[in-house]
Amino acid sequence: MNAELTIPSHATPQQQKPSIGARIFAGFFSYLFHPVFIPLYVTWFLVYLHPSAFAGFSAAEKKQTILIVVLNLLFFPLISVLLLRAVGFIDSLFLRTQKDRIIPYIASGIFFFWAYTVFKQQAQYPLVLTTYVLGIFLASSLALIANIYFKISMHAIGMGGWLGIFLILFNMKSMLMTWPLCAVLLIAGLVCTSRLLLKSHEPRDIYMGLFVGFITQVVAAMFLL
């Protein structure tokens with residue numbers, strides 16, 4: 001048989017598409033732990049599970065804290081992306097290209113800085129929450145710069161920040177952080193694996209995202225704590 005007509009029996013790993021089961025698995029963790037939801041999860045942990053961060057806060061004050069985070073770190077960034085898509089400034093709500101991510105990074109950074117200012121100027125809020133929000137703002141700013149050169153993973157940035165703030169809490173020795181750290185490490189592995197399974201990113205995008213999310217939390221802690 002002519003060698004030119006020979007068809008390979010199987011594709012290379014790079015060419016193979018993930019199975020339906022793998023796509024469902026990866027999609028589930030990608031949506032459940034989308035970076036826009038991570039600040040809500042961290043804040044909920046600090047408000048309702050940490051023994052001392054919000055000690056003395058009434059139930060209404062705790063709900064108000066959650067509302068501030070939901071509005072500034074979740075709702076407004078999501079609305080910005082929806083509006084940008086509606087007017088045609090971005091091609092997809094999923095921000096698949098570096099070009100699509102430029103304005104959302106800038107818009108989100110404004111909301112993140114505003115939330116940091118709100119918490120910073122009201123001394124009743126624990127510094128650890130203010131530190132976390134400052135870290136988010138720094139991470140979005142650094143991600144905007146990195147986006148010029150490659151499509152850094154937003155999911156990995158979110159998970160890196162989550163790991164960073166939990167390691168800071170661990171170092172503060174304010175509560176037993178063994179099980180929360182283990183849980184977040186597991187989630188980070190699942191989320192980053194999901195992004196690779198979906199072929200949304202190269203490994204470099206994941207590693208750099210984790211680094212950016214983590215190091216910006218450390219810098220924020222050095223500045224505020």
# chains A, B, ... in the order shown; residues from 1 in each chain; ligands from 1

call {"tool": "residues_around", "arguments": {"residues": "Ile145 (chain A)", "least_positions_apart": "3", "cutoff": "12 Å", "atoms": "only C-alpha atoms", "output": "list in words"}}
result
Gln98, Arg101, Ile102, Tyr105, Ile106, Leu138, Ala139, Ser140, Ser141, Leu142, Ile148, Tyr149, Phe150, Lys151, Ile152 and Val212 of chain A

call {"tool": "write_last_selection", "arguments": {"atoms": "C-alpha atoms", "output": "PDB file, in the first residue's frame"}}
result
ATOM      1  CA  GLN A  98      -6.518  37.484  25.101  1.00  0.00           C
ATOM      2  CA  ARG A 101      -9.979  39.731  28.347  1.00  0.00           C
ATOM      3  CA  ILE A 102      -8.456  43.215  28.246  1.00  0.00           C
ATOM      4  CA  TYR A 105      -9.629  42.847  33.473  1.00  0.00           C
ATOM      5  CA  ILE A 106      -9.686  46.644  33.641  1.00  0.00           C
ATOM      6  CA  LEU A 138      -3.152  43.069  42.620  1.00  0.00           C
ATOM      7  CA  ALA A 139      -3.734  39.731  40.884  1.00  0.00           C
ATOM      8  CA  SER A 140      -6.105  41.269  38.322  1.00  0.00           C
ATOM      9  CA  SER A 141      -3.596  44.042  37.632  1.00  0.00           C
ATOM     10  CA  LEU A 142      -0.735  41.589  37.150  1.00  0.00           C
ATOM     11  CA  ILE A 148      -0.252  40.863  26.754  1.00  0.00           C
ATOM     12  CA  TYR A 149       2.090  37.900  26.339  1.00  0.00           C
ATOM     13  CA  PHE A 150      -0.024  34.785  26.941  1.00  0.00           C
ATOM     14  CA  LYS A 151      -3.519  33.715  28.030  1.00  0.00           C
ATOM     15  CA  ILE A 152      -2.913  33.319  31.745  1.00  0.00           C
ATOM     16  CA  VAL A 212       0.209  35.162  40.329  1.00  0.00           C
TER      17      VAL A 212
END

call {"tool": "residues_around", "arguments": {"residues": "Leu190 (chain A)", "least_positions_apart": "2", "cutoff": "10 Å", "atoms": "only C-alpha atoms", "output": "number ranges by chain"}}
result
A: 25-26, 29-30, 33, 184-188, 192-195

call {"tool": "atom_distance", "arguments": {"atom1": "CA of Ser52 (chain A)", "atom2": "CA of Thr117 (chain A)"}}
result
22.3 Å

call {"tool": "residues_around", "arguments": {"residues": "Phe137 (chain A)", "least_positions_apart": "3", "cutoff": "9 Å", "atoms": "only C-alpha atoms", "output": "PyMOL selection string"}}
result
chain A and resi 108-113+116+132-134+140-142+216

call {"tool": "write_last_selection", "arguments": {"atoms": "N, CA and C atoms", "output": "PDB file, in the first residue's frame"}}
result
ATOM      1  N   SER A 108     -12.991  44.866  36.031  1.00  0.00           N
ATOM      2  CA  SER A 108     -12.992  44.115  37.289  1.00  0.00           C
ATOM      3  C   SER A 108     -12.011  44.714  38.282  1.00  0.00           C
ATOM      4  N   GLY A 109     -10.872  45.153  37.787  1.00  0.00           N
ATOM      5  CA  GLY A 109      -9.888  45.767  38.668  1.00  0.00           C
ATOM      6  C   GLY A 109     -10.439  46.996  39.374  1.00  0.00           C
ATOM      7  N   ILE A 110     -11.251  47.766  38.671  1.00  0.00           N
ATOM      8  CA  ILE A 110     -11.876  48.954  39.283  1.00  0.00           C
ATOM      9  C   ILE A 110     -12.798  48.538  40.425  1.00  0.00           C
ATOM     10  N   PHE A 111     -13.606  47.515  40.188  1.00  0.00           N
ATOM     11  CA  PHE A 111     -14.524  47.046  41.232  1.00  0.00           C
ATOM     12  C   PHE A 111     -13.763  46.433  42.403  1.00  0.00           C
ATOM     13  N   PHE A 112     -12.685  45.717  42.099  1.00  0.00           N
ATOM     14  CA  PHE A 112     -11.888  45.118  43.170  1.00  0.00           C
ATOM     15  C   PHE A 112     -11.254  46.197  44.043  1.00  0.00           C
ATOM     16  N   PHE A 113     -10.743  47.247  43.408  1.00  0.00           N
ATOM     17  CA  PHE A 113     -10.115  48.319  44.179  1.00  0.00           C
ATOM     18  C   PHE A 113     -11.157  49.061  45.013  1.00  0.00           C
ATOM     19  N   TYR A 116     -11.853  46.970  48.028  1.00  0.00           N
ATOM     20  CA  TYR A 116     -10.726  47.091  48.961  1.00  0.00           C
ATOM     21  C   TYR A 116     -10.820  48.410  49.732  1.00  0.00           C
ATOM     22  N   TYR A 132      -7.183  40.040  51.661  1.00  0.00           N
ATOM     23  CA  TYR A 132      -7.581  39.165  50.559  1.00  0.00           C
ATOM     24  C   TYR A 132      -8.083  39.972  49.367  1.00  0.00           C
ATOM     25  N   VAL A 133      -8.902  40.983  49.615  1.00  0.00           N
ATOM     26  CA  VAL A 133      -9.449  41.785  48.520  1.00  0.00           C
ATOM     27  C   VAL A 133      -8.342  42.587  47.830  1.00  0.00           C
ATOM     28  N   LEU A 134      -7.389  43.098  48.606  1.00  0.00           N
ATOM     29  CA  LEU A 134      -6.251  43.784  47.990  1.00  0.00           C
ATOM     30  C   LEU A 134      -5.472  42.818  47.111  1.00  0.00           C
ATOM     31  N   SER A 140      -5.471  40.855  39.578  1.00  0.00           N
ATOM     32  CA  SER A 140      -6.105  41.269  38.322  1.00  0.00           C
ATOM     33  C   SER A 140      -5.214  42.240  37.554  1.00  0.00           C
ATOM     34  N   SER A 141      -4.502  43.084  38.282  1.00  0.00           N
ATOM     35  CA  SER A 141      -3.596  44.042  37.632  1.00  0.00           C
ATOM     36  C   SER A 141      -2.421  43.317  36.980  1.00  0.00           C
ATOM     37  N   LEU A 142      -1.856  42.351  37.695  1.00  0.00           N
ATOM     38  CA  LEU A 142      -0.735  41.589  37.150  1.00  0.00           C
ATOM     39  C   LEU A 142      -1.191  40.708  35.992  1.00  0.00           C
ATOM     40  N   THR A 216       0.439  37.406  44.935  1.00  0.00           N
ATOM     41  CA  THR A 216      -0.219  38.683  45.207  1.00  0.00           C
ATOM     42  C   THR A 216      -0.881  38.681  46.587  1.00  0.00           C
TER      43      THR A 216
END

call {"tool": "closest_residue", "arguments": {"among": "A:Trp162, A:Phe54, A:Trp179, A:Tyr48", "to": "Val218 (chain A)", "atoms": "only C-alpha atoms"}}
result
A:Trp162

call {"tool": "atom_distance", "arguments": {"atom1": "CA of Ser58 (chain A)", "atom2": "CA of Thr131 (chain A)"}}
result
21.8 Å

call {"tool": "residues_around", "arguments": {"residues": "Pro104 (chain A)", "least_positions_apart": "5", "cutoff": "9 Å", "atoms": "only C-alpha atoms", "output": "VMD selection string"}}
result
chain A and resid 77 to 78 80 to 81 84 95 109

call {"tool": "write_last_selection", "arguments": {"atoms": "N, CA and C atoms", "output": "compact mmCIF listing (two decimals), in the first residue's frame"}}
result
# COMPACT_ATOMS: atom_id res chain seq x y z
N PRO A 77 -18.63 42.62 38.04
CA PRO A 77 -17.79 42.04 36.97
C PRO A 77 -18.60 41.24 35.95
N LEU A 78 -19.59 40.46 36.43
CA LEU A 78 -20.41 39.69 35.49
C LEU A 78 -21.24 40.60 34.60
N SER A 80 -20.53 43.59 33.74
CA SER A 80 -19.61 44.26 32.80
C SER A 80 -19.36 43.38 31.58
N VAL A 81 -19.14 42.09 31.81
CA VAL A 81 -18.90 41.18 30.69
C VAL A 81 -20.15 41.06 29.82
N LEU A 84 -20.45 44.23 27.77
CA LEU A 84 -19.42 44.27 26.73
C LEU A 84 -19.79 43.35 25.56
N LEU A 95 -14.72 34.63 27.20
CA LEU A 95 -13.42 35.31 27.15
C LEU A 95 -12.32 34.35 26.71
N GLY A 109 -10.87 45.15 37.79
CA GLY A 109 -9.89 45.77 38.67
C GLY A 109 -10.44 47.00 39.37

call {"tool": "residues_around", "arguments": {"residues": "Ala53 (chain A)", "least_positions_apart": "3", "cutoff": "10 Å", "atoms": "only C-alpha atoms", "output": "list of chain:residue names"}}
result
A:Phe45, A:Leu46, A:Val47, A:Tyr48, A:Leu49, A:His50, A:Gly56, A:Phe57, A:Tyr125, A:Pro126, A:Leu127, A:Val128, A:Leu129, A:Ser174, A:Met175

call {"tool": "atom_distance", "arguments": {"atom1": "CA of Val69 (chain A)", "atom2": "CA of Pro39 (chain A)"}}
result
7.2 Å

call {"tool": "closest_residue", "arguments": {"among": "A:Ser153, A:Lys173, A:Ile68, A:Thr130", "to": "Arg204 (chain A)", "atoms": "only C-alpha atoms"}}
result
A:Ser153

call {"tool": "residues_around", "arguments": {"residues": "Ala156 (chain A)", "least_positions_apart": "4", "cutoff": "8 Å", "atoms": "only C-alpha atoms", "output": "list of chain:residue names"}}
result
A:Gly160, A:Ala188, A:Val191, A:Cys192, A:Ile206, A:Tyr207, A:Met208, A:Gly209, A:Leu210, A:Gly213

call {"tool": "closest_residue", "arguments": {"among": "A:Ile90, A:Ile157, A:Ile24, A:Leu163", "to": "Leu144 (chain A)", "atoms": "only C-alpha atoms"}}
result
A:Ile157

call {"tool": "select_by_dssp", "arguments": {"residues": "region 105-196 of chain A", "states": "alpha helix (DSSP H)", "output": "JSON, numbers by chain"}}
result
{"A": [105, 106, 107, 108, 109, 110, 111, 112, 113, 114, 115, 116, 117, 118, 119, 120, 121, 127, 128, 129, 130, 131, 132, 133, 134, 135, 136, 137, 138, 139, 140, 141, 142, 143, 144, 145, 146, 154, 155, 156, 157, 158, 159, 160, 161, 162, 163, 164, 165, 166, 167, 168, 169, 170, 171, 172, 178, 179, 180, 181, 182, 183, 184, 185, 186, 187, 188, 189, 190, 191, 192, 193, 194, 195, 196]}

call {"tool": "residues_around", "arguments": {"residues": "Pro35 (chain A)", "least_positions_apart": "5", "cutoff": "8 Å", "atoms": "only C-alpha atoms", "output": "PyMOL selection string"}}
result
chain A and resi 154-155+157-159

call {"tool": "closest_residue", "arguments": {"among": "A:Ile66, A:Ala115, A:Leu83, A:Cys182", "to": "Gly135 (chain A)", "atoms": "only C-alpha atoms"}}
result
A:Ala115

call {"tool": "closest_residue", "arguments": {"among": "A:Phe119, A:Trp44, A:Trp114, A:Phe211", "to": "Ala146 (chain A)", "atoms": "only C-alpha atoms"}}
result
A:Phe211

call {"tool": "decode", "arguments": {"residues": "region 173-215 of chain A", "atoms": "C-alpha atoms", "output": "short mmCIF file (atom, residue, chain, number, x, y, z; two decimals), in the first residue's frame"}}
result
data_model
loop_
_atom_site.label_atom_id
_atom_site.label_comp_id
_atom_site.auth_asym_id
_atom_site.auth_seq_id
_atom_site.Cartn_x
_atom_site.Cartn_y
_atom_site.Cartn_z
CA LYS A 173 -2.52 30.29 63.86
CA SER A 174 -6.00 31.69 64.44
CA MET A 175 -7.67 28.33 63.75
CA LEU A 176 -6.84 24.79 62.74
CA MET A 177 -6.38 25.11 58.98
CA THR A 178 -5.38 21.53 58.15
CA TRP A 179 -8.69 20.40 56.64
CA PRO A 180 -9.45 23.70 54.83
CA LEU A 181 -5.98 23.69 53.25
CA CYS A 182 -6.31 20.06 52.18
CA ALA A 183 -9.74 20.77 50.69
CA VAL A 184 -8.49 23.78 48.71
CA LEU A 185 -5.43 21.88 47.48
CA LEU A 186 -7.74 19.14 46.19
CA ILE A 187 -10.07 21.66 44.56
CA ALA A 188 -7.11 23.47 42.96
CA GLY A 189 -5.90 20.21 41.46
CA LEU A 190 -9.35 19.37 40.11
CA VAL A 191 -9.91 22.83 38.65
CA CYS A 192 -6.50 23.09 37.00
CA THR A 193 -6.81 19.57 35.61
CA SER A 194 -10.24 20.49 34.25
CA ARG A 195 -8.84 23.48 32.37
CA LEU A 196 -6.22 21.25 30.77
CA LEU A 197 -8.78 18.56 29.90
CA LEU A 198 -10.91 21.16 28.15
CA LYS A 199 -7.77 22.37 26.32
CA SER A 200 -8.57 25.92 27.41
CA HIS A 201 -4.95 26.53 28.45
CA GLU A 202 -1.39 25.35 28.12
CA PRO A 203 0.39 24.14 31.28
CA ARG A 204 2.34 27.42 31.40
CA ASP A 205 -0.92 29.38 31.67
CA ILE A 206 -1.95 27.26 34.66
CA TYR A 207 1.38 27.43 36.50
CA MET A 208 1.70 31.18 36.04
CA GLY A 209 -1.91 31.71 37.12
CA LEU A 210 -1.32 29.80 40.35
CA PHE A 211 1.85 31.78 40.98
CA VAL A 212 0.21 35.16 40.33
CA GLY A 213 -2.78 34.39 42.54
CA PHE A 214 -0.56 33.12 45.35
CA ILE A 215 2.19 35.74 45.30
#
